[in-house]
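Colleague: What follows is input25.cif, mmCIF, C-alpha atoms and all ligand atoms.
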```cif
data_query
loop_
_atom_site.label_atom_id
_atom_site.label_comp_id
_atom_site.auth_asym_id
_atom_site.auth_seq_id
_atom_site.Cartn_x
_atom_site.Cartn_y
_atom_site.Cartn_z
CA MET A 76 -6.95 17.78 -21.30
CA ALA A 77 -10.06 19.82 -20.55
CA LYS A 78 -10.33 20.79 -16.90
CA GLU A 79 -13.77 19.15 -16.66
CA ASP A 80 -12.14 15.73 -17.15
CA THR A 81 -10.38 16.05 -13.81
CA PHE A 82 -13.47 17.28 -11.91
CA GLU A 83 -13.78 15.01 -8.88
CA THR A 84 -16.91 13.74 -7.15
CA LEU A 85 -17.59 12.12 -3.75
CA ARG A 86 -16.37 8.54 -3.32
CA PHE A 87 -18.29 6.61 -0.66
CA LEU A 88 -19.86 9.57 1.18
CA THR A 89 -23.19 11.17 0.29
CA PRO A 90 -24.00 14.85 0.87
CA GLU A 91 -26.36 13.73 3.69
CA LEU A 92 -23.56 11.80 5.45
CA CYS A 93 -21.22 14.79 4.98
CA PHE A 94 -23.68 17.15 6.70
CA GLU A 95 -24.35 14.62 9.45
CA ILE A 96 -20.63 14.25 10.18
CA ALA A 97 -19.79 17.96 9.93
CA ASP A 98 -22.75 19.11 11.99
CA LYS A 99 -23.10 16.32 14.57
CA VAL A 100 -19.57 14.91 15.14
CA GLY A 101 -17.76 18.13 14.21
CA SER A 102 -15.13 19.01 11.66
CA PRO A 103 -12.52 18.37 10.50
CA CYS A 104 -13.23 14.65 10.83
CA TYR A 105 -11.74 11.57 9.15
CA ALA A 106 -14.48 9.27 7.82
CA TYR A 107 -13.43 5.65 7.06
CA ASP A 108 -15.55 3.22 5.08
CA LEU A 109 -15.75 -0.33 6.42
CA ASN A 110 -16.73 -1.82 3.04
CA SER A 111 -13.74 -0.25 1.30
CA LEU A 112 -11.35 -1.49 4.00
CA LYS A 113 -12.73 -5.03 3.56
CA LYS A 114 -12.52 -4.84 -0.23
CA TYR A 115 -8.85 -3.80 -0.27
CA ALA A 116 -7.96 -6.36 2.40
CA ASN A 117 -9.55 -9.14 0.33
CA ASP A 118 -7.62 -7.93 -2.74
CA THR A 119 -4.30 -8.28 -0.93
CA LEU A 120 -5.22 -11.69 0.51
CA ALA A 121 -5.57 -12.90 -3.11
CA PHE A 122 -2.06 -11.70 -4.08
CA PRO A 123 -0.48 -14.12 -6.60
CA ASN A 124 1.79 -16.55 -4.74
CA ALA A 125 3.36 -19.96 -5.24
CA TYR A 126 3.93 -21.46 -1.78
CA GLY A 127 1.84 -19.49 0.70
CA LEU A 128 1.28 -15.87 1.61
CA THR A 129 1.24 -13.65 4.69
CA VAL A 130 -0.16 -10.15 4.22
CA ARG A 131 1.13 -7.63 6.75
CA TYR A 132 -0.67 -4.32 7.11
CA ALA A 133 1.89 -1.49 7.32
CA MET A 134 0.09 0.04 10.28
CA LYS A 135 1.96 3.33 10.14
CA SER A 136 -0.32 4.33 7.26
CA SER A 137 -3.37 4.45 9.56
CA PRO A 138 -3.14 2.86 13.02
CA ASN A 139 -6.60 3.35 14.58
CA ALA A 140 -7.47 0.28 16.70
CA ALA A 141 -10.75 -0.20 14.79
CA ILE A 142 -8.77 -0.78 11.59
CA LEU A 143 -6.18 -3.00 13.32
CA LYS A 144 -8.96 -5.14 14.83
CA LEU A 145 -10.76 -5.49 11.50
CA PHE A 146 -7.62 -6.54 9.63
CA ASP A 147 -6.59 -8.86 12.48
CA LYS A 148 -9.97 -10.58 12.27
CA MET A 149 -9.63 -10.89 8.48
CA GLY A 150 -6.34 -12.76 8.89
CA LEU A 151 -3.83 -10.04 8.13
CA HIS A 152 -0.60 -9.72 10.11
CA PHE A 153 1.19 -6.45 10.84
CA ASP A 154 4.29 -4.55 9.76
CA CYS A 155 5.42 -2.23 12.52
CA SER A 156 7.87 0.64 12.06
CA SER A 157 8.83 1.13 15.70
CA VAL A 158 8.62 -0.81 18.95
CA PHE A 159 5.91 1.67 19.92
CA GLU A 160 3.76 0.57 16.98
CA ILE A 161 4.15 -3.03 18.16
CA LYS A 162 2.92 -2.02 21.60
CA ARG A 163 0.02 -0.16 19.99
CA ALA A 164 -0.95 -3.22 17.93
CA MET A 165 -0.72 -5.44 21.03
CA ALA A 166 -2.88 -2.95 22.95
CA ALA A 167 -5.51 -3.44 20.20
CA GLY A 168 -5.40 -7.19 20.87
CA VAL A 169 -3.01 -8.27 18.10
CA ALA A 170 -0.89 -11.31 19.06
CA PRO A 171 2.84 -10.49 19.22
CA GLU A 172 3.60 -13.41 16.83
CA LYS A 173 1.67 -11.50 14.14
CA CYS A 174 3.89 -8.41 14.41
CA SER A 175 7.09 -7.89 12.52
CA LEU A 176 9.39 -4.92 13.05
CA SER A 177 11.37 -3.19 10.32
CA SER A 178 12.55 0.03 11.87
CA GLN A 179 15.08 2.80 11.37
CA GLU A 180 15.56 2.71 15.16
CA LEU A 181 15.97 -0.52 17.12
CA THR A 182 14.97 0.86 20.49
CA ASP A 183 16.44 -0.72 23.67
CA GLY A 184 14.10 -3.27 25.17
CA PHE A 185 13.24 -4.88 21.80
CA GLU A 186 14.49 -8.19 23.18
CA GLU A 187 11.48 -8.36 25.52
CA LEU A 188 9.21 -8.20 22.47
CA VAL A 189 11.26 -10.90 20.71
CA ALA A 190 10.76 -13.11 23.78
CA LYS A 191 6.99 -12.64 23.31
CA GLY A 192 7.19 -13.79 19.68
CA VAL A 193 7.63 -10.53 17.72
CA LYS A 194 9.69 -10.97 14.53
CA ILE A 195 12.49 -8.53 13.83
CA ASN A 196 14.02 -7.62 10.49
CA CYS A 197 17.37 -6.01 11.19
CA CYS A 198 17.74 -2.95 9.00
CA SER A 199 21.44 -2.09 9.42
CA LEU A 200 24.69 -3.84 10.40
CA LEU A 201 24.48 -2.17 13.83
CA GLN A 202 20.99 -3.63 14.29
CA VAL A 203 22.32 -7.11 13.40
CA GLU A 204 25.03 -6.65 16.06
CA LYS A 205 22.49 -5.48 18.64
CA PHE A 206 20.17 -8.40 17.85
CA ALA A 207 23.00 -10.94 18.01
CA ALA A 208 24.08 -9.49 21.38
CA LYS A 209 20.61 -9.29 22.97
CA CYS A 210 18.95 -12.33 21.37
CA PRO A 211 21.75 -14.89 20.85
CA GLY A 212 20.67 -18.08 19.13
CA LYS A 213 17.34 -16.59 17.95
CA GLU A 214 15.89 -16.39 14.44
CA MET A 215 16.10 -13.06 12.65
CA GLY A 216 15.24 -11.35 9.41
CA LEU A 217 17.44 -9.03 7.40
CA ARG A 218 16.11 -6.02 5.52
CA PHE A 219 18.20 -5.24 2.47
CA ASN A 220 18.46 -2.32 0.10
CA PRO A 221 18.85 -4.33 -3.12
CA GLY A 222 20.32 -1.36 -4.97
CA VAL A 223 17.22 -0.12 -6.79
CA GLY A 224 13.95 1.47 -5.83
CA SER A 225 11.02 3.36 -7.24
CA GLY A 226 9.12 5.77 -5.04
CA GLY A 227 6.57 8.38 -6.04
CA THR A 228 8.96 11.23 -5.26
CA GLY A 229 12.59 11.70 -4.18
CA LYS A 230 11.38 11.81 -0.58
CA THR A 231 9.39 8.58 -0.84
CA ASN A 232 12.03 6.51 -2.64
CA VAL A 233 12.99 3.62 -0.38
CA GLY A 234 15.67 1.77 -2.38
CA GLY A 235 18.87 2.56 -4.23
CA PRO A 236 22.03 4.44 -3.21
CA SER A 237 20.08 7.56 -2.16
CA SER A 238 18.01 5.65 0.42
CA SER A 239 19.18 4.87 3.98
CA PHE A 240 16.65 2.04 4.46
CA GLY A 241 17.98 -1.50 4.88
CA ILE A 242 21.40 -3.10 4.68
CA TRP A 243 23.16 -2.27 1.40
CA TYR A 244 23.13 -5.51 -0.64
CA GLU A 245 26.91 -5.61 -0.97
CA TRP A 246 27.21 -6.02 2.84
CA ALA A 247 25.23 -9.30 2.86
CA ASP A 248 28.28 -11.43 3.75
CA LYS A 249 29.17 -9.10 6.60
CA ALA A 250 25.59 -9.32 7.95
CA ALA A 251 25.69 -13.14 7.69
CA GLU A 252 28.98 -13.19 9.61
CA ILE A 253 27.66 -11.05 12.50
CA ALA A 254 24.48 -13.14 12.75
CA LYS A 255 26.49 -16.37 12.78
CA ALA A 256 28.84 -15.08 15.49
CA GLY A 257 25.77 -14.61 17.72
CA GLY A 258 24.49 -18.10 16.87
CA CYS A 259 21.48 -16.49 15.14
CA THR A 260 19.74 -17.99 12.12
CA VAL A 261 18.66 -15.75 9.25
CA VAL A 262 15.21 -17.05 8.27
CA ARG A 263 13.73 -14.04 6.48
CA ILE A 264 14.90 -11.65 3.79
CA HIS A 265 13.04 -8.38 3.51
CA THR A 266 13.06 -5.67 0.87
CA HIS A 267 10.70 -2.72 0.45
CA ILE A 268 11.30 -0.81 -2.73
CA GLY A 269 7.86 -0.07 -4.19
CA SER A 270 7.47 -1.60 -7.63
CA GLY A 271 4.34 0.13 -8.91
CA SER A 272 2.27 -1.32 -11.73
CA ASP A 273 4.76 -2.44 -14.40
CA PRO A 274 5.10 -6.27 -14.52
CA ALA A 275 8.61 -5.93 -15.97
CA VAL A 276 9.70 -3.88 -12.95
CA TRP A 277 8.09 -6.49 -10.67
CA ARG A 278 10.10 -9.26 -12.34
CA LYS A 279 13.31 -7.29 -11.92
CA THR A 280 12.83 -6.21 -8.29
CA THR A 281 11.47 -9.62 -7.18
CA GLY A 282 14.43 -11.23 -8.95
CA MET A 283 16.92 -9.01 -7.13
CA SER A 284 15.26 -9.70 -3.78
CA ILE A 285 15.08 -13.47 -4.25
CA ALA A 286 18.74 -13.52 -5.37
CA LEU A 287 19.62 -12.37 -1.84
CA CYS A 288 18.03 -15.60 -0.52
CA GLU A 289 20.67 -17.67 -2.36
CA LYS A 290 23.31 -16.50 0.11
CA PHE A 291 21.21 -17.54 3.12
CA PRO A 292 20.42 -21.28 3.09
CA ASP A 293 18.13 -21.11 6.18
CA VAL A 294 15.84 -18.45 4.72
CA THR A 295 12.26 -19.71 4.34
CA THR A 296 10.43 -16.41 3.81
CA LEU A 297 10.89 -13.54 1.39
CA ASN A 298 9.11 -10.30 2.27
CA LEU A 299 8.67 -7.93 -0.67
CA GLY A 300 7.46 -4.97 1.40
CA GLY A 301 4.79 -2.52 0.26
CA GLY A 302 4.65 0.43 -2.07
CA TYR A 303 1.78 -0.73 -4.32
CA LYS A 304 0.61 2.38 -6.13
CA VAL A 305 -3.08 3.25 -5.91
CA ALA A 306 -5.16 5.60 -8.04
CA ARG A 307 -6.12 8.55 -5.87
CA MET A 308 -7.01 11.04 -8.61
CA LYS A 309 -9.44 10.01 -11.36
CA THR A 310 -6.56 10.26 -13.84
CA ASP A 311 -4.09 8.07 -11.83
CA LYS A 312 -3.30 4.48 -12.75
CA GLY A 313 -3.22 2.08 -9.80
CA THR A 314 -1.70 -1.38 -9.40
CA ASN A 315 -3.83 -4.39 -10.33
CA LEU A 316 -2.39 -6.96 -7.93
CA GLN A 317 -3.77 -9.94 -9.86
CA THR A 318 -2.31 -9.02 -13.24
CA ASP A 319 0.59 -6.64 -12.56
CA CYS A 320 2.08 -8.85 -9.85
CA ALA A 321 1.45 -12.28 -11.41
CA VAL A 322 5.17 -12.52 -12.25
CA VAL A 323 5.97 -12.75 -8.53
CA LYS A 324 4.54 -16.28 -8.51
CA ASP A 325 6.66 -17.19 -11.56
CA VAL A 326 9.85 -15.89 -9.95
CA PHE A 327 9.22 -17.96 -6.79
CA GLU A 328 8.57 -21.08 -8.92
CA GLU A 329 11.72 -20.53 -10.96
CA PHE A 330 13.72 -20.19 -7.71
CA ALA A 331 12.19 -23.42 -6.37
CA ALA A 332 13.04 -25.29 -9.59
CA LYS A 333 16.64 -24.09 -9.45
CA PHE A 334 17.42 -24.38 -5.71
CA ASN A 335 14.77 -26.80 -4.46
CA ARG A 336 13.56 -24.24 -1.91
CA LYS A 337 9.89 -23.25 -1.72
CA LEU A 338 9.85 -19.79 -0.20
CA HIS A 339 6.88 -18.33 1.66
CA LEU A 340 5.84 -14.88 0.44
CA GLU A 341 5.11 -11.89 2.66
CA ILE A 342 3.85 -8.52 1.42
CA GLU A 343 3.40 -5.36 3.46
CA PRO A 344 0.99 -2.91 1.87
CA GLY A 345 0.07 0.25 3.75
CA THR A 346 -1.15 2.67 1.07
CA TYR A 347 -2.93 -0.04 -0.93
CA LEU A 348 -4.98 -1.13 2.07
CA SER A 349 -5.91 2.27 3.43
CA ALA A 350 -5.46 5.18 0.98
CA ASN A 351 -8.87 5.06 -0.67
CA THR A 352 -10.83 4.08 2.44
CA CYS A 353 -11.11 7.48 4.14
CA SER A 354 -12.34 10.99 3.36
CA LEU A 355 -11.54 14.10 5.39
CA VAL A 356 -14.74 16.03 6.01
CA CYS A 357 -14.10 19.70 6.73
CA LEU A 358 -15.66 23.11 6.10
CA VAL A 359 -15.02 26.03 3.79
CA HIS A 360 -14.10 28.59 6.41
CA ASP A 361 -13.49 31.62 4.20
CA VAL A 362 -13.15 32.62 0.55
CA VAL A 363 -10.76 35.48 -0.30
CA GLN A 364 -9.52 37.09 -3.49
CA THR A 365 -6.22 38.72 -4.36
CA GLY A 366 -7.19 41.25 -7.02
CA THR A 367 -8.88 40.81 -10.36
CA SER A 368 -5.93 40.82 -12.80
CA GLU A 369 -3.19 38.46 -11.58
CA GLY A 370 -4.91 37.29 -8.43
CA HIS A 371 -6.48 34.03 -7.31
CA THR A 372 -9.59 33.07 -5.41
CA PHE A 373 -8.54 31.17 -2.29
CA ILE A 374 -10.66 28.76 -0.30
CA LYS A 375 -9.51 28.59 3.33
CA LEU A 376 -10.51 25.39 5.11
CA ASN A 377 -10.98 24.66 8.80
CA ALA A 378 -8.40 21.86 8.28
CA GLY A 379 -4.96 21.72 6.71
CA MET A 380 -1.47 20.32 7.28
CA THR A 381 -2.63 19.48 10.82
CA ASP A 382 -4.74 16.76 9.13
CA VAL A 383 -3.35 16.19 5.61
CA LEU A 384 0.35 16.93 5.26
CA ARG A 385 1.06 15.07 2.01
CA PRO A 386 0.31 17.94 -0.39
CA SER A 387 2.60 20.33 1.55
CA LEU A 388 5.31 17.70 1.95
CA TYR A 389 5.38 16.03 -1.47
CA GLY A 390 3.09 18.08 -3.72
CA ALA A 391 0.78 15.02 -3.49
CA GLN A 392 -2.57 15.31 -5.27
CA HIS A 393 -5.81 14.49 -3.45
CA PRO A 394 -9.27 14.61 -5.04
CA GLN A 395 -11.29 17.44 -3.50
CA VAL A 396 -15.02 18.10 -3.55
CA VAL A 397 -17.14 21.05 -2.45
CA VAL A 398 -20.47 19.89 -0.99
CA PRO A 399 -22.59 23.06 -1.05
CA ARG A 400 -25.32 23.67 1.51
CA THR A 401 -27.52 24.85 -1.36
CA PRO A 402 -27.06 22.57 -4.38
CA THR A 403 -25.58 24.37 -7.40
CA GLU A 404 -24.10 23.43 -10.78
CA GLU A 405 -21.89 26.53 -10.84
CA LYS A 406 -18.13 25.99 -10.91
CA ALA A 407 -15.14 28.20 -10.23
CA SER A 408 -11.36 28.00 -10.12
CA TYR A 409 -9.73 27.99 -6.69
CA VAL A 410 -6.47 27.69 -4.83
CA VAL A 411 -7.18 25.80 -1.60
CA CYS A 412 -5.21 26.37 1.58
CA GLY A 413 -5.29 25.10 5.13
CA HIS A 414 -5.89 26.89 8.44
CA CYS A 415 -2.30 27.07 9.66
CA CYS A 416 -0.31 30.31 9.77
CA GLU A 417 2.20 28.76 7.41
CA SER A 418 2.45 29.62 3.71
CA GLY A 419 3.23 25.97 2.92
CA ASP A 420 -0.17 24.85 4.21
CA LEU A 421 -1.56 24.20 0.75
CA LEU A 422 -4.10 21.58 -0.41
CA THR A 423 -3.68 22.31 -4.12
CA PRO A 424 0.02 22.43 -4.93
CA ALA A 425 1.23 21.74 -8.45
CA PRO A 426 1.85 17.96 -8.81
CA GLY A 427 5.14 17.07 -7.11
CA GLU A 428 5.86 20.74 -6.38
CA PRO A 429 4.79 21.55 -2.83
CA GLU A 430 5.92 25.17 -3.13
CA THR A 431 3.95 26.03 -6.29
CA ILE A 432 0.26 26.86 -6.05
CA ALA A 433 -2.16 25.47 -8.62
CA GLU A 434 -5.82 26.18 -9.31
CA ARG A 435 -8.59 23.57 -9.26
CA THR A 436 -12.02 23.70 -10.82
CA LEU A 437 -14.50 23.03 -8.03
CA THR A 438 -18.18 23.55 -7.35
CA LYS A 439 -18.68 27.20 -6.39
CA ALA A 440 -18.04 27.45 -2.66
CA ALA A 441 -19.30 29.67 0.15
CA PRO A 442 -18.24 29.81 3.82
CA GLY A 443 -19.99 27.04 5.74
CA ASP A 444 -20.10 24.60 2.82
CA VAL A 445 -18.75 21.14 3.48
CA TYR A 446 -15.41 20.39 1.81
CA VAL A 447 -14.17 16.82 1.36
CA VAL A 448 -10.56 15.84 0.76
CA GLU A 449 -10.67 12.32 -0.66
CA ALA A 450 -8.11 9.48 -0.45
CA CYS A 451 -7.07 10.47 3.09
CA GLY A 452 -6.70 6.93 4.47
CA ALA A 453 -2.93 6.56 4.22
CA TYR A 454 -0.40 8.80 5.94
CA CYS A 455 -2.94 11.53 6.76
CA SER A 456 -4.31 10.96 10.25
CA SER A 457 -1.07 9.17 11.17
CA MET A 458 1.32 11.69 9.60
CA SER A 459 0.33 15.29 10.09
CA THR A 460 1.65 18.33 11.93
CA LYS A 461 -0.70 17.49 14.77
CA ASN A 462 -1.35 20.35 17.23
CA TYR A 463 0.50 22.98 15.19
CA ASN A 464 -1.16 26.34 15.96
CA SER A 465 -2.73 24.35 18.85
CA PHE A 466 -5.49 22.97 16.63
CA PRO A 467 -6.76 19.84 18.41
CA GLU A 468 -6.42 16.41 16.79
CA ALA A 469 -9.44 15.66 14.58
CA PRO A 470 -11.87 12.86 15.44
CA GLU A 471 -12.27 9.71 13.33
CA VAL A 472 -15.48 7.91 12.38
CA MET A 473 -16.24 4.64 10.59
CA ILE A 474 -19.16 4.30 8.19
CA VAL A 475 -20.86 0.93 8.74
CA ASP A 476 -24.02 0.18 6.71
CA GLY A 477 -24.63 3.90 6.19
CA LYS A 478 -24.29 4.65 9.91
CA VAL A 479 -21.64 6.90 11.48
CA HIS A 480 -19.66 5.37 14.38
CA ILE A 481 -17.05 7.38 16.30
CA ILE A 482 -13.73 5.49 16.45
CA ARG A 483 -11.68 8.37 17.88
CA LYS A 484 -13.10 11.20 19.93
CA PRO A 485 -12.10 14.81 19.28
CA GLN A 486 -8.99 15.72 21.28
CA ILE A 487 -9.69 17.69 24.45
CA LEU A 488 -7.98 21.07 24.06
CA GLU A 489 -6.25 20.92 27.47
CA ASP A 490 -4.63 17.60 26.51
CA ILE A 491 -2.37 19.54 24.12
CA TRP A 492 -0.47 21.10 27.03
CA LYS A 493 -1.13 18.63 29.83
CA ASN A 494 2.49 17.35 29.88
CA GLU A 495 4.00 20.80 30.29
CA VAL A 496 5.60 21.51 33.68
CA ASP A 497 5.99 24.89 35.41
CA LEU A 498 9.49 26.16 36.21
CA PRO A 499 10.23 26.47 39.93
CA ALA A 500 8.85 29.64 41.55
CA GLY A 501 11.23 32.58 41.13
CA ALA A 502 13.06 31.05 38.14
CA PHE A 503 12.33 34.15 36.04
C1 LIG B 1 6.01 2.09 5.00
C2 LIG B 1 6.35 0.70 4.81
C3 LIG B 1 5.50 -0.16 4.11
C4 LIG B 1 4.23 0.31 3.44
O1 LIG B 1 4.48 1.14 2.36
P1 LIG B 1 3.25 1.64 1.45
O2 LIG B 1 3.93 2.50 0.43
O3 LIG B 1 2.35 2.40 2.32
O4 LIG B 1 2.62 0.44 0.87
C5 LIG B 1 5.85 -1.49 4.05
N1 LIG B 1 6.99 -1.95 4.60
C6 LIG B 1 7.83 -1.15 5.27
C7 LIG B 1 9.05 -1.72 5.88
C8 LIG B 1 7.56 0.21 5.39
O5 LIG B 1 8.41 1.00 6.05
#
```
Using structure tokens, write down the structure from this file.
Ligand SMILES: *Cc1c(COP(=O)(O)O)cnc(C)c1O

Modeller:
Amino acid sequence: MAKEDTFETLRFLTPELCFEIADKVGSPCYAYDLNSLKKYANDTLAFPNAYGLTVRYAMKSSPNAAILKLFDKMGLHFDCSSVFEIKRAMAAGVAPEKCSLSSQELTDGFEELVAKGVKINCCSLLQVEKFAAKCPGKEMGLRFNPGVGSGGTGKTNVGGPSSSFGIWYEWADKAAEIAKAGGCTVVRIHTHIGSGSDPAVWRKTTGMSIALCEKFPDVTTLNLGGGYKVARMKTDKGTNLQTDCAVVKDVFEEFAAKFNRKLHLEIEPGTYLSANTCSLVCLVHDVVQTGTSEGHTFIKLNAGMTDVLRPSLYGAQHPQVVVPRTPTEEKASYVVCGHCCESGDLLTPAPGEPETIAERTLTKAAPGDVYVVEACGAYCSSMSTKNYNSFPEAPEVMIVDGKVHIIRKPQILEDIWKNEVDLPAGAF
């Protein structure tokens, strides 16, 4: 494929908005687009279903209160990955009944949240024991690992024998026994395995998840989790919820015909709702070359793994666009790196290979030009090596009708070390 075919352009930003953000708010800065957030939310609310649907936003993908409030108003519920996320959602005004917890760690004190109406999906046999002990007689959900999964990379795979998430499906009877001993009723089955865009895979994974409901006669809800692939790069293929996931409705109807049980569907997209709704606006800080024969031309940004960790962690590909101060049609080939003193701080790794550098064709760049990393809505602001090298946390803005609104202020430098405590006098 010719390199020109992969040349990326700005998504919802304009050069004027880029300069306004970089020069007035400061950079790096995450810029979210209200219209895009609404569009993706409406897509998920129309997910094919037979007997009712609850869409839960996996808030770990991007938890700013402005986004939580918007989705809450639009009728979405929330998937929380820790008790702290539940508290964060509640602080943004979300009702506890709309929060469900599926967590690797069931932190002490969860029972107080259950008393307020929070739903818990127990994710291991120990969690079922803890729940039965602390919340006897209450309703619970069980998160299972149904034995298969499909993640983008080894590190993002969330099902199958190499994944620690959820109760291994063969221990379903054991889980039922522990729940029963505590007088608890299992009303929800949860799986989260990421089924991508192949309808045949959807039929298989939905079938495996719904089969788990056969063992639990009181189950009224099946939660299929998230993991809906989106197209970040121009050349990616995303999931079309309407067509690719239509089989989910069929599987629920077949189950109802066979067992006379009409199950409610829950889905929990994070990436799908947020990935393509935000652009990181930063600056070209420096351009350096490493010789003319085997060398590369490197762009150094004033942002990096402190703001977008996915390329360094997974070799994830993000569209990237130089917005020159003086418009030019000239292009050049670059390796792009971040501002951290860390060789792994790379924005252009080879696909799936975080340790291999790759070149990108970009508009010719000079120090001071604006640089935009696109598709930064999911797992960027929320999952970065925040404060490494003592770079302050970047601000966040929301674009509403072409206007820039600050939704998170830049971090005050002193806040980075404000929790540090001096040793007693004379200790060294
Ligand atoms: C992370 C997570 C999701 C969202 O996954 P995406 O890939 O962002 O859609 C949904 N459910 C659970 C339990 C998760 O941990």

Colleague: Restricting the calculation to only C-alpha atoms, which member of A:Thr346, A:Thr296, A:Thr381, A:Ser272 is positioned closest to Asn315 in chain A?

Modeller: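 Distance minimum relative to Asn315 in chain A lands on A:Ser272.
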
Colleague: Find the residues near ligand LIG 1 (chain B). Use a cut-off of 6 Å, count only C-alpha atoms and all ligand atoms, and write them as an NGL selection string.

Modeller: :A and (133 or 136 or 177 or 267 or 300-303 or 343-347)

Colleague: Can those selected residues be exported to a file as a JSON list (two decimals), in the coordinates of the input so that it contains C-alpha atoms?

Modeller:
```json
[["chain", "number", "residue", "atom", "x", "y", "z"],
["A", 133, "ALA", "CA", 1.89, -1.49, 7.32],
["A", 136, "SER", "CA", -0.32, 4.33, 7.26],
["A", 177, "SER", "CA", 11.37, -3.19, 10.32],
["A", 267, "HIS", "CA", 10.70, -2.72, 0.45],
["A", 300, "GLY", "CA", 7.46, -4.97, 1.40],
["A", 301, "GLY", "CA", 4.79, -2.52, 0.26],
["A", 302, "GLY", "CA", 4.65, 0.43, -2.07],
["A", 303, "TYR", "CA", 1.78, -0.73, -4.32],
["A", 343, "GLU", "CA", 3.40, -5.36, 3.46],
["A", 344, "PRO", "CA", 0.99, -2.91, 1.87],
["A", 345, "GLY", "CA", 0.07, 0.25, 3.75],
["A", 346, "THR", "CA", -1.15, 2.67, 1.07],
["A", 347, "TYR", "CA", -2.93, -0.04, -0.93]]
```

Colleague: For range 405-409 of chain A, list every protein, DNA or RNA residue within 10 Å, evaluated using all atoms listed in the file, and leave out those in the same chain fewer than 3 positions away; present the list as a PyMOL selection string.

Modeller: chain A and resi 78-79+82+362-364+371-374+397+402+412+423+433-440

Colleague: Env of Asp98 in chain A: 12 Å cut, atoms = all atoms listed in the file, seq-sep filter 5 positions within chain, self excluded. Answer as an MDAnalysis selection string.

Modeller: chainID A and resid 90:93 103:104 356:358 400 443:445

Colleague: Would you put the residues from that selection into a file with C-alpha atoms, as a JSON list (two decimals), in the coordinates of the input?

Modeller:
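part.json, written as the output of this step:
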```
[["chain", "number", "residue", "atom", "x", "y", "z"],
["A", 90, "PRO", "CA", -24.00, 14.85, 0.87],
["A", 91, "GLU", "CA", -26.36, 13.73, 3.69],
["A", 92, "LEU", "CA", -23.56, 11.80, 5.45],
["A", 93, "CYS", "CA", -21.22, 14.79, 4.98],
["A", 103, "PRO", "CA", -12.52, 18.37, 10.50],
["A", 104, "CYS", "CA", -13.23, 14.65, 10.83],
["A", 356, "VAL", "CA", -14.74, 16.03, 6.01],
["A", 357, "CYS", "CA", -14.10, 19.70, 6.73],
["A", 358, "LEU", "CA", -15.66, 23.11, 6.10],
["A", 400, "ARG", "CA", -25.32, 23.67, 1.51],
["A", 443, "GLY", "CA", -19.99, 27.04, 5.74],
["A", 444, "ASP", "CA", -20.10, 24.60, 2.82],
["A", 445, "VAL", "CA", -18.75, 21.14, 3.48]]
```

Colleague: So the first atom is CA of Ala140 in chain A and the second is CA of Leu384 in chain A; what is the distance between them in Å, to one decimal place?

Modeller: 21.7 Å

Colleague: Can you work out the spacing between CA of Leu151 in chain A and CA of Lys194 in chain A in Å, to one decimal?

Modeller: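 Separating CA of Leu151 in chain A from CA of Lys194 in chain A is a distance of 15.0 Å.
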